[in-house]
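Peer 1: Pasting final.pdb below, which is PDB, C-alpha atoms.
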ATOM      1  CA  MET W 810     -26.357  11.375  41.272  1.00  0.00           C
ATOM      2  CA  MET W 811     -24.900  11.579  37.754  1.00  0.00           C
ATOM      3  CA  PRO W 812     -25.248  14.875  35.876  1.00  0.00           C
ATOM      4  CA  ARG W 813     -27.423  14.768  32.759  1.00  0.00           C
ATOM      5  CA  MET W 814     -25.815  15.255  29.349  1.00  0.00           C
ATOM      6  CA  ASN W 815     -27.511  16.771  26.395  1.00  0.00           C
ATOM      7  CA  ARG W 816     -27.580  14.876  23.096  1.00  0.00           C
ATOM      8  CA  GLY W 817     -24.517  16.780  21.765  1.00  0.00           C
ATOM      9  CA  GLY W 818     -22.485  15.893  24.858  1.00  0.00           C
ATOM     10  CA  VAL W 819     -23.374  12.210  24.556  1.00  0.00           C
ATOM     11  CA  LEU W 820     -22.464  12.172  20.854  1.00  0.00           C
ATOM     12  CA  ALA W 821     -19.150  13.919  21.539  1.00  0.00           C
ATOM     13  CA  LEU W 822     -18.313  11.425  24.287  1.00  0.00           C
ATOM     14  CA  LEU W 823     -19.207   8.418  22.117  1.00  0.00           C
ATOM     15  CA  SER W 824     -17.337   9.705  19.066  1.00  0.00           C
ATOM     16  CA  SER W 825     -14.182  10.359  21.101  1.00  0.00           C
ATOM     17  CA  MET W 826     -14.380   6.830  22.553  1.00  0.00           C
ATOM     18  CA  PHE W 827     -14.800   5.232  19.106  1.00  0.00           C
ATOM     19  CA  LEU W 828     -12.128   7.420  17.511  1.00  0.00           C
ATOM     20  CA  GLY W 829      -9.606   6.463  20.185  1.00  0.00           C
ATOM     21  CA  ALA W 830     -10.475   2.771  19.888  1.00  0.00           C
ATOM     22  CA  GLY W 831     -10.256   2.953  16.093  1.00  0.00           C
ATOM     23  CA  LEU W 832      -6.766   4.457  16.096  1.00  0.00           C
ATOM     24  CA  ALA W 833      -5.534   1.864  18.581  1.00  0.00           C
ATOM     25  CA  ALA W 834      -6.997  -0.920  16.445  1.00  0.00           C
ATOM     26  CA  LEU W 835      -5.120   0.391  13.411  1.00  0.00           C
ATOM     27  CA  GLY W 836      -1.821   0.151  15.283  1.00  0.00           C
ATOM     28  CA  CYS W 837      -0.961   3.794  14.751  1.00  0.00           C
ATOM     29  CA  GLY W 838      -0.116   6.177  17.488  1.00  0.00           C
ATOM     30  CA  SER W 839       2.436   6.255  20.230  1.00  0.00           C
ATOM     31  CA  GLU W 840       1.441   3.061  22.035  1.00  0.00           C
ATOM     32  CA  THR W 841       3.628  -0.023  21.898  1.00  0.00           C
ATOM     33  CA  LEU W 842       1.930  -3.100  20.467  1.00  0.00           C
ATOM     34  CA  PRO W 843       3.345  -6.589  20.979  1.00  0.00           C
ATOM     35  CA  GLY W 844       4.291  -8.481  17.820  1.00  0.00           C
ATOM     36  CA  LYS W 845       2.886  -5.942  15.351  1.00  0.00           C
ATOM     37  CA  ASP W 846       5.952  -6.012  13.105  1.00  0.00           C
ATOM     38  CA  GLY W 847       7.394  -9.416  13.895  1.00  0.00           C
ATOM     39  CA  GLY W 848       9.714  -8.272  16.679  1.00  0.00           C
ATOM     40  CA  ARG W 849      11.646  -5.628  14.739  1.00  0.00           C
ATOM     41  CA  GLY W 850      12.545  -2.619  16.853  1.00  0.00           C
ATOM     42  CA  GLY W 851      12.410   0.995  15.759  1.00  0.00           C
ATOM     43  CA  ALA W 852      15.372   3.015  14.533  1.00  0.00           C
ATOM     44  CA  GLY W 853      18.171   2.422  16.972  1.00  0.00           C
ATOM     45  CA  GLY W 854      15.818   0.432  19.201  1.00  0.00           C
ATOM     46  CA  THR W 855      16.401  -3.066  20.395  1.00  0.00           C
ATOM     47  CA  GLY W 856      12.830  -3.914  21.355  1.00  0.00           C
ATOM     48  CA  ALA W 857      11.672  -4.456  24.882  1.00  0.00           C
ATOM     49  CA  ALA W 858      12.520  -7.618  26.815  1.00  0.00           C
ATOM     50  CA  ASP W 859       8.885  -8.776  26.712  1.00  0.00           C
ATOM     51  CA  GLY W 860       8.794  -8.694  22.876  1.00  0.00           C
ATOM     52  CA  ASP W 861       7.088  -5.314  22.567  1.00  0.00           C
ATOM     53  CA  ILE W 862       8.162  -3.026  19.769  1.00  0.00           C
ATOM     54  CA  GLU W 863       9.753   0.334  20.413  1.00  0.00           C
ATOM     55  CA  GLY W 864       8.744   3.210  18.180  1.00  0.00           C
ATOM     56  CA  GLY W 865       4.978   2.702  18.031  1.00  0.00           C
ATOM     57  CA  GLY W 866       4.692  -0.748  16.472  1.00  0.00           C
ATOM     58  CA  CYS W 867       2.897   0.250  13.272  1.00  0.00           C
ATOM     59  CA  LEU W 868       3.721  -0.884   9.758  1.00  0.00           C
ATOM     60  CA  SER W 869       4.265   1.319   6.727  1.00  0.00           C
ATOM     61  CA  ASP W 870       2.279   1.059   3.521  1.00  0.00           C
ATOM     62  CA  LEU W 871       3.183   1.722  -0.090  1.00  0.00           C
ATOM     63  CA  PHE W 872       0.821   3.282  -2.628  1.00  0.00           C
ATOM     64  CA  VAL W 873       1.661   2.122  -6.165  1.00  0.00           C
ATOM     65  CA  ASP W 874      -0.203   3.582  -9.136  1.00  0.00           C
ATOM     66  CA  TRP W 875       0.034   2.619 -12.786  1.00  0.00           C
ATOM     67  CA  GLN W 876      -1.063   3.774 -16.244  1.00  0.00           C
ATOM     68  CA  ILE W 877      -1.253   1.850 -19.514  1.00  0.00           C
ATOM     69  CA  GLN W 878      -0.204   3.895 -22.537  1.00  0.00           C
ATOM     70  CA  SER W 879       0.588   3.483 -26.221  1.00  0.00           C
ATOM     71  CA  PRO W 880       4.077   4.391 -27.473  1.00  0.00           C
ATOM     72  CA  THR W 881       2.671   7.857 -28.315  1.00  0.00           C
ATOM     73  CA  GLY W 882       1.456   8.408 -24.741  1.00  0.00           C
ATOM     74  CA  ALA W 883      -2.247   7.835 -25.422  1.00  0.00           C
ATOM     75  CA  ALA W 884      -4.229   5.938 -22.805  1.00  0.00           C
ATOM     76  CA  VAL W 885      -4.856   2.260 -23.582  1.00  0.00           C
ATOM     77  CA  THR W 886      -7.522   0.284 -21.710  1.00  0.00           C
ATOM     78  CA  CYS W 887      -6.869  -3.101 -20.150  1.00  0.00           C
ATOM     79  CA  ASP W 888      -9.164  -4.829 -22.643  1.00  0.00           C
ATOM     80  CA  ALA W 889      -7.557  -3.074 -25.646  1.00  0.00           C
ATOM     81  CA  ALA W 890      -4.132  -4.197 -24.385  1.00  0.00           C
ATOM     82  CA  LYS W 891      -5.493  -7.737 -23.810  1.00  0.00           C
ATOM     83  CA  ALA W 892      -4.269  -7.405 -20.214  1.00  0.00           C
ATOM     84  CA  ALA W 893      -5.699  -9.628 -17.492  1.00  0.00           C
ATOM     85  CA  GLN W 894      -3.722  -8.413 -14.494  1.00  0.00           C
ATOM     86  CA  VAL W 895      -1.261  -5.901 -13.158  1.00  0.00           C
ATOM     87  CA  ILE W 896       1.449  -7.418 -10.987  1.00  0.00           C
ATOM     88  CA  VAL W 897       3.097  -5.274  -8.319  1.00  0.00           C
ATOM     89  CA  SER W 898       6.156  -7.090  -6.996  1.00  0.00           C
ATOM     90  CA  ILE W 899       7.813  -5.965  -3.775  1.00  0.00           C
ATOM     91  CA  ASP W 900      11.160  -7.674  -3.176  1.00  0.00           C
ATOM     92  CA  GLY W 901      10.014 -10.563  -5.362  1.00  0.00           C
ATOM     93  CA  VAL W 902       6.633 -11.055  -3.665  1.00  0.00           C
ATOM     94  CA  ASN W 903       3.867 -10.654  -6.239  1.00  0.00           C
ATOM     95  CA  HIS W 904       0.646  -8.776  -5.514  1.00  0.00           C
ATOM     96  CA  PRO W 905      -1.616  -9.412  -8.536  1.00  0.00           C
ATOM     97  CA  GLN W 906      -4.537  -7.152  -9.301  1.00  0.00           C
ATOM     98  CA  VAL W 907      -7.223  -7.671 -11.948  1.00  0.00           C
ATOM     99  CA  CYS W 908      -6.844  -5.215 -14.811  1.00  0.00           C
ATOM    100  CA  PRO W 909     -10.419  -3.869 -15.078  1.00  0.00           C
ATOM    101  CA  SER W 910     -12.041  -3.763 -18.499  1.00  0.00           C
ATOM    102  CA  GLY W 911     -12.410  -0.202 -19.756  1.00  0.00           C
ATOM    103  CA  ARG W 912      -9.735   1.191 -17.406  1.00  0.00           C
ATOM    104  CA  SER W 913      -6.296   2.437 -18.346  1.00  0.00           C
ATOM    105  CA  SER W 914      -5.019   3.211 -14.850  1.00  0.00           C
ATOM    106  CA  GLY W 915      -5.271   1.991 -11.282  1.00  0.00           C
ATOM    107  CA  SER W 916      -3.451   1.625  -8.001  1.00  0.00           C
ATOM    108  CA  GLN W 917      -2.746  -0.616  -5.035  1.00  0.00           C
ATOM    109  CA  ASP W 918      -2.003   0.307  -1.431  1.00  0.00           C
ATOM    110  CA  LEU W 919       0.089  -2.464   0.121  1.00  0.00           C
ATOM    111  CA  VAL W 920       1.309  -3.017   3.688  1.00  0.00           C
ATOM    112  CA  LEU W 921       5.086  -3.368   3.803  1.00  0.00           C
ATOM    113  CA  PRO W 922       6.616  -6.228   5.790  1.00  0.00           C
ATOM    114  CA  ALA W 923       9.001  -4.005   7.785  1.00  0.00           C
ATOM    115  CA  ASN W 924      10.053  -0.452   8.462  1.00  0.00           C
ATOM    116  CA  TYR W 925      13.623   0.789   8.047  1.00  0.00           C
ATOM    117  CA  ALA W 926      14.284  -1.100   4.815  1.00  0.00           C
ATOM    118  CA  THR W 927      14.805  -0.504   1.110  1.00  0.00           C
ATOM    119  CA  TYR W 928      12.354  -2.244  -1.209  1.00  0.00           C
ATOM    120  CA  ASP W 929      12.679  -3.158  -4.876  1.00  0.00           C
ATOM    121  CA  VAL W 930       9.302  -2.487  -6.502  1.00  0.00           C
ATOM    122  CA  MET W 931       8.401  -3.713  -9.982  1.00  0.00           C
ATOM    123  CA  VAL W 932       5.136  -3.248 -11.900  1.00  0.00           C
ATOM    124  CA  ASN W 933       4.246  -5.518 -14.825  1.00  0.00           C
ATOM    125  CA  LEU W 934       1.232  -6.119 -17.050  1.00  0.00           C
ATOM    126  CA  GLU W 935       0.263  -9.689 -17.996  1.00  0.00           C
ATOM    127  CA  ASP W 936      -2.242 -11.395 -20.278  1.00  0.00           C
ATOM    128  CA  ALA W 937      -4.545 -14.239 -19.172  1.00  0.00           C
ATOM    129  CA  THR W 938      -1.797 -16.850 -19.617  1.00  0.00           C
ATOM    130  CA  GLY W 939       0.779 -14.921 -17.568  1.00  0.00           C
ATOM    131  CA  ASN W 940       2.791 -13.551 -20.475  1.00  0.00           C
ATOM    132  CA  GLY W 941       4.288 -10.110 -19.908  1.00  0.00           C
ATOM    133  CA  LEU W 942       2.920  -7.409 -22.182  1.00  0.00           C
ATOM    134  CA  VAL W 943       5.295  -4.565 -21.301  1.00  0.00           C
ATOM    135  CA  VAL W 944       8.806  -3.832 -20.151  1.00  0.00           C
ATOM    136  CA  PRO W 945       8.359  -3.990 -16.342  1.00  0.00           C
ATOM    137  CA  GLN W 946       8.844  -0.676 -14.539  1.00  0.00           C
ATOM    138  CA  ALA W 947      11.118  -0.778 -11.484  1.00  0.00           C
ATOM    139  CA  THR W 948      12.018   1.579  -8.656  1.00  0.00           C
ATOM    140  CA  LYS W 949      13.486   1.458  -5.145  1.00  0.00           C
ATOM    141  CA  ILE W 950      11.667   2.786  -2.093  1.00  0.00           C
ATOM    142  CA  ASP W 951      13.562   3.685   1.088  1.00  0.00           C
ATOM    143  CA  VAL W 952      11.379   3.263   4.172  1.00  0.00           C
ATOM    144  CA  THR W 953      12.926   5.356   6.923  1.00  0.00           C
ATOM    145  CA  SER W 954      10.095   5.447   9.458  1.00  0.00           C
ATOM    146  CA  CYS W 955       6.601   4.170  10.090  1.00  0.00           C
ATOM    147  CA  ALA W 956       4.585   6.115   7.517  1.00  0.00           C
ATOM    148  CA  SER W 957       2.738   5.986   4.224  1.00  0.00           C
ATOM    149  CA  TYR W 958       4.940   5.966   1.134  1.00  0.00           C
ATOM    150  CA  SER W 959       4.250   6.130  -2.594  1.00  0.00           C
ATOM    151  CA  THR W 960       6.179   5.427  -5.747  1.00  0.00           C
ATOM    152  CA  PRO W 961       7.698   8.551  -7.362  1.00  0.00           C
ATOM    153  CA  GLY W 962       4.936   8.577  -9.977  1.00  0.00           C
ATOM    154  CA  PRO W 963       2.732   6.144 -11.803  1.00  0.00           C
ATOM    155  CA  ALA W 964       4.410   3.172 -13.443  1.00  0.00           C
ATOM    156  CA  ILE W 965       3.948   3.878 -17.152  1.00  0.00           C
ATOM    157  CA  LEU W 966       3.191   0.549 -18.847  1.00  0.00           C
ATOM    158  CA  VAL W 967       3.725   1.048 -22.593  1.00  0.00           C
ATOM    159  CA  VAL W 968       1.912  -1.420 -24.858  1.00  0.00           C
ATOM    160  CA  SER W 969       1.239  -1.656 -28.561  1.00  0.00           C
ATOM    161  CA  PRO W 970      -2.384  -2.760 -28.637  1.00  0.00           C
ATOM    162  CA  PRO W 971      -3.443  -5.140 -31.393  1.00  0.00           C
ATOM    163  CA  ALA W 972      -5.236  -3.598 -34.352  1.00  0.00           C
ATOM    164  CA  GLN W 973      -8.969  -3.312 -33.745  1.00  0.00           C
TER     165      GLN W 973
END
Would you kindly transcribe this structure into structure tokens?

Peer 2:
Amino acid sequence: MMPRMNRGGVLALLSSMFLGAGLAALGCGSETLPGKDGGRGGAGGTGAADGDIEGGGCLSDLFVDWQIQSPTGAAVTCDAAKAAQVIVSIDGVNHPQVCPSGRSSGSQDLVLPANYATYDVMVNLEDATGNGLVVPQATKIDVTSCASYSTPGPAILVVSPPAQ
């Protein structure tokens, strides 16, 4: 006969089951997942013979934040700058994001294609026809393990908004 559990015991059991399943689904943890990062092994690893990844098999992400400012440092909204989108480029691959009306800052959290690499990151601001409105801001990010990374600070996008 099975022992009875009180409601708290059942909830604890269920939450631990879902938490464990959730972490495995995210690809984080110490398990090895086949094909998670395209067959690249971990630092110093060669990958297992069956195609599994050594080193956990998760992919890093990069948090990129941005701010639109006037030459004096005052906040400028997307609509005042006539900006339609913010383009975050990682090694030449563009990740466009709508520049929301009334906002002067934002961010993107992007999954990186591989660990153990150096990425060139550029942030640009464009109008509706794809014309650049600012001098693009660039930085390099060294990814040395499977983790979350961020740019050193927000990309400051300096515009001279048209007269209102």

Peer 1: Given the file shown, enumerate the residues that the PyMOL selection byres ((chain W and resi 911) around 8) captures and present them as a list of chain:residue names.

Peer 2: W:Thr886, W:Cys887, W:Asp888, W:Pro909, W:Ser910, W:Arg912, W:Ser913

Peer 1: Once you have the residues from the selection above, write them out as a CSV table (one decimal), in the coordinates of the input, restricted to C-alpha atoms.

Peer 2:
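The file below, again.csv, is the result:
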chain,number,residue,atom,x,y,z
W,886,THR,CA,-7.5,0.3,-21.7
W,887,CYS,CA,-6.9,-3.1,-20.2
W,888,ASP,CA,-9.2,-4.8,-22.6
W,909,PRO,CA,-10.4,-3.9,-15.1
W,910,SER,CA,-12.0,-3.8,-18.5
W,912,ARG,CA,-9.7,1.2,-17.4
W,913,SER,CA,-6.3,2.4,-18.3

Peer 1: If we count all atoms listed in the file, what is near stretch 962-967 of chain W at a cut-off of 6 Å, once residues fewer than 6 positions away on the same chain are taken out, given as a PDB file with C-alpha atoms, keeping the file's coordinate frame?

Peer 2:
ATOM      1  CA  ASP W 874      -0.203   3.582  -9.136  1.00  0.00           C
ATOM      2  CA  TRP W 875       0.034   2.619 -12.786  1.00  0.00           C
ATOM      3  CA  GLN W 876      -1.063   3.774 -16.244  1.00  0.00           C
ATOM      4  CA  ILE W 877      -1.253   1.850 -19.514  1.00  0.00           C
ATOM      5  CA  GLN W 878      -0.204   3.895 -22.537  1.00  0.00           C
ATOM      6  CA  SER W 879       0.588   3.483 -26.221  1.00  0.00           C
ATOM      7  CA  PRO W 880       4.077   4.391 -27.473  1.00  0.00           C
ATOM      8  CA  VAL W 943       5.295  -4.565 -21.301  1.00  0.00           C
ATOM      9  CA  GLN W 946       8.844  -0.676 -14.539  1.00  0.00           C
TER      10      GLN W 946
END

Peer 1: Take the PyMOL selection byres ((chain W and resi 934) around 7), run it mentally on this structure, and tell me the resulting residues as a PyMOL selection string.

Peer 2: chain W and resi 892+894-896+933+935+941-943

Peer 1: If I take atom CA of W:Gly901 and atom CA of W:Tyr928, how far is one from the other in Å, to one decimal?

Peer 2: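 Pair atom CA of W:Gly901 / atom CA of W:Tyr928 returns 9.6 Å.
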
Peer 1: Taking only C-alpha atoms into account, name the residue in W:Pro945, W:Asp951, W:Gly939, W:Val873 that is nearest to W:Ser914.

Peer 2: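 Checking each candidate against W:Ser914, we get W:Val873 as the closest.
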
Peer 1: Work out how far apart atom CA of W:Thr938 and atom CA of W:Asp900 are and give it in Å to one decimal.

Peer 2: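 That distance, rounded to one decimal, is 22.9 Å.
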
Peer 1: Which residue, W:Val930, W:Ala947, W:Val920, W:Val897, has the smallest gap to W:Ser869 when you use all atoms listed in the file?

Peer 2: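 Going through W:Val930, W:Ala947, W:Val920, W:Val897 one by one, the smallest distance to W:Ser869 is for W:Val920.
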
Peer 1: Pick the closest to W:Cys955 from W:Thr881, W:Gln906, W:Asp870, W:Ala890: which is it, counting all atoms listed in the file?

Peer 2: W:Asp870

Peer 1: Atom CA of W:Ala893 and atom CA of W:Met931, how far apart in Å?

Peer 2: 17.0 Å

Peer 1: Kindly resolve the PyMOL selection byres ((chain W and resi 872) around 6) on the present coordinates and return the residues as a list of chain:residue names.

Peer 2: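 Matching residues under the PyMOL selection byres ((chain W and resi 872) around 6) are W:Leu871, W:Val873, W:Gln917, W:Asp918, W:Ser959.
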
Peer 1: Complete stretch 905-931 of chain W with N, CA and C atoms (output as a PDB file, in the frame of the given file).

Peer 2:
ATOM      1  N   PRO W 905      -0.844  -9.577  -7.298  1.00  0.00           N
ATOM      2  CA  PRO W 905      -1.616  -9.412  -8.536  1.00  0.00           C
ATOM      3  C   PRO W 905      -2.902  -8.636  -8.302  1.00  0.00           C
ATOM      4  N   GLN W 906      -3.307  -7.932  -9.329  1.00  0.00           N
ATOM      5  CA  GLN W 906      -4.537  -7.152  -9.301  1.00  0.00           C
ATOM      6  C   GLN W 906      -5.196  -7.310 -10.665  1.00  0.00           C
ATOM      7  N   VAL W 907      -6.496  -7.560 -10.681  1.00  0.00           N
ATOM      8  CA  VAL W 907      -7.223  -7.671 -11.948  1.00  0.00           C
ATOM      9  C   VAL W 907      -7.121  -6.340 -12.675  1.00  0.00           C
ATOM     10  N   CYS W 908      -6.875  -6.419 -13.979  1.00  0.00           N
ATOM     11  CA  CYS W 908      -6.844  -5.215 -14.811  1.00  0.00           C
ATOM     12  C   CYS W 908      -8.276  -5.005 -15.313  1.00  0.00           C
ATOM     13  N   PRO W 909      -8.992  -4.026 -14.770  1.00  0.00           N
ATOM     14  CA  PRO W 909     -10.419  -3.869 -15.078  1.00  0.00           C
ATOM     15  C   PRO W 909     -10.685  -3.432 -16.524  1.00  0.00           C
ATOM     16  N   SER W 910     -11.633  -4.103 -17.137  1.00  0.00           N
ATOM     17  CA  SER W 910     -12.041  -3.763 -18.499  1.00  0.00           C
ATOM     18  C   SER W 910     -12.468  -2.292 -18.551  1.00  0.00           C
ATOM     19  N   GLY W 911     -12.037  -1.603 -19.585  1.00  0.00           N
ATOM     20  CA  GLY W 911     -12.410  -0.202 -19.756  1.00  0.00           C
ATOM     21  C   GLY W 911     -11.538   0.781 -18.995  1.00  0.00           C
ATOM     22  N   ARG W 912     -10.607   0.302 -18.192  1.00  0.00           N
ATOM     23  CA  ARG W 912      -9.735   1.191 -17.406  1.00  0.00           C
ATOM     24  C   ARG W 912      -8.333   1.205 -17.979  1.00  0.00           C
ATOM     25  N   SER W 913      -7.676   2.329 -17.876  1.00  0.00           N
ATOM     26  CA  SER W 913      -6.296   2.437 -18.346  1.00  0.00           C
ATOM     27  C   SER W 913      -5.342   2.800 -17.205  1.00  0.00           C
ATOM     28  N   SER W 914      -5.870   2.897 -16.000  1.00  0.00           N
ATOM     29  CA  SER W 914      -5.019   3.211 -14.850  1.00  0.00           C
ATOM     30  C   SER W 914      -5.627   2.600 -13.594  1.00  0.00           C
ATOM     31  N   GLY W 915      -4.811   2.522 -12.560  1.00  0.00           N
ATOM     32  CA  GLY W 915      -5.271   1.991 -11.282  1.00  0.00           C
ATOM     33  C   GLY W 915      -4.180   2.129 -10.240  1.00  0.00           C
ATOM     34  N   SER W 916      -4.427   1.531  -9.090  1.00  0.00           N
ATOM     35  CA  SER W 916      -3.451   1.625  -8.001  1.00  0.00           C
ATOM     36  C   SER W 916      -3.672   0.500  -7.007  1.00  0.00           C
ATOM     37  N   GLN W 917      -2.682   0.303  -6.160  1.00  0.00           N
ATOM     38  CA  GLN W 917      -2.746  -0.616  -5.035  1.00  0.00           C
ATOM     39  C   GLN W 917      -2.067   0.053  -3.858  1.00  0.00           C
ATOM     40  N   ASP W 918      -2.611  -0.165  -2.666  1.00  0.00           N
ATOM     41  CA  ASP W 918      -2.003   0.307  -1.431  1.00  0.00           C
ATOM     42  C   ASP W 918      -1.657  -0.934  -0.632  1.00  0.00           C
ATOM     43  N   LEU W 919      -0.370  -1.218  -0.473  1.00  0.00           N
ATOM     44  CA  LEU W 919       0.089  -2.464   0.121  1.00  0.00           C
ATOM     45  C   LEU W 919       0.828  -2.224   1.428  1.00  0.00           C
ATOM     46  N   VAL W 920       0.592  -3.079   2.415  1.00  0.00           N
ATOM     47  CA  VAL W 920       1.309  -3.017   3.688  1.00  0.00           C
ATOM     48  C   VAL W 920       2.694  -3.604   3.468  1.00  0.00           C
ATOM     49  N   LEU W 921       3.709  -2.898   3.939  1.00  0.00           N
ATOM     50  CA  LEU W 921       5.086  -3.368   3.803  1.00  0.00           C
ATOM     51  C   LEU W 921       5.449  -4.286   4.972  1.00  0.00           C
ATOM     52  N   PRO W 922       6.301  -5.273   4.729  1.00  0.00           N
ATOM     53  CA  PRO W 922       6.616  -6.228   5.790  1.00  0.00           C
ATOM     54  C   PRO W 922       7.443  -5.650   6.938  1.00  0.00           C
ATOM     55  N   ALA W 923       8.158  -4.561   6.714  1.00  0.00           N
ATOM     56  CA  ALA W 923       9.001  -4.005   7.785  1.00  0.00           C
ATOM     57  C   ALA W 923       9.272  -2.534   7.522  1.00  0.00           C
ATOM     58  N   ASN W 924       9.589  -1.830   8.576  1.00  0.00           N
ATOM     59  CA  ASN W 924      10.053  -0.452   8.462  1.00  0.00           C
ATOM     60  C   ASN W 924      11.579  -0.476   8.398  1.00  0.00           C
ATOM     61  N   TYR W 925      12.171   0.636   8.064  1.00  0.00           N
ATOM     62  CA  TYR W 925      13.623   0.789   8.047  1.00  0.00           C
ATOM     63  C   TYR W 925      14.261  -0.211   7.081  1.00  0.00           C
ATOM     64  N   ALA W 926      13.773  -0.199   5.843  1.00  0.00           N
ATOM     65  CA  ALA W 926      14.284  -1.100   4.815  1.00  0.00           C
ATOM     66  C   ALA W 926      14.198  -0.408   3.461  1.00  0.00           C
ATOM     67  N   THR W 927      14.910  -0.954   2.495  1.00  0.00           N
ATOM     68  CA  THR W 927      14.805  -0.504   1.110  1.00  0.00           C
ATOM     69  C   THR W 927      14.143  -1.619   0.318  1.00  0.00           C
ATOM     70  N   TYR W 928      13.122  -1.260  -0.456  1.00  0.00           N
ATOM     71  CA  TYR W 928      12.354  -2.244  -1.209  1.00  0.00           C
ATOM     72  C   TYR W 928      12.531  -2.036  -2.704  1.00  0.00           C
ATOM     73  N   ASP W 929      12.692  -3.166  -3.422  1.00  0.00           N
ATOM     74  CA  ASP W 929      12.679  -3.158  -4.876  1.00  0.00           C
ATOM     75  C   ASP W 929      11.237  -3.377  -5.300  1.00  0.00           C
ATOM     76  N   VAL W 930      10.696  -2.427  -6.064  1.00  0.00           N
ATOM     77  CA  VAL W 930       9.302  -2.487  -6.502  1.00  0.00           C
ATOM     78  C   VAL W 930       9.287  -2.577  -8.023  1.00  0.00           C
ATOM     79  N   MET W 931       8.527  -3.554  -8.540  1.00  0.00           N
ATOM     80  CA  MET W 931       8.401  -3.713  -9.982  1.00  0.00           C
ATOM     81  C   MET W 931       6.920  -3.838 -10.327  1.00  0.00           C
TER      82      MET W 931
END
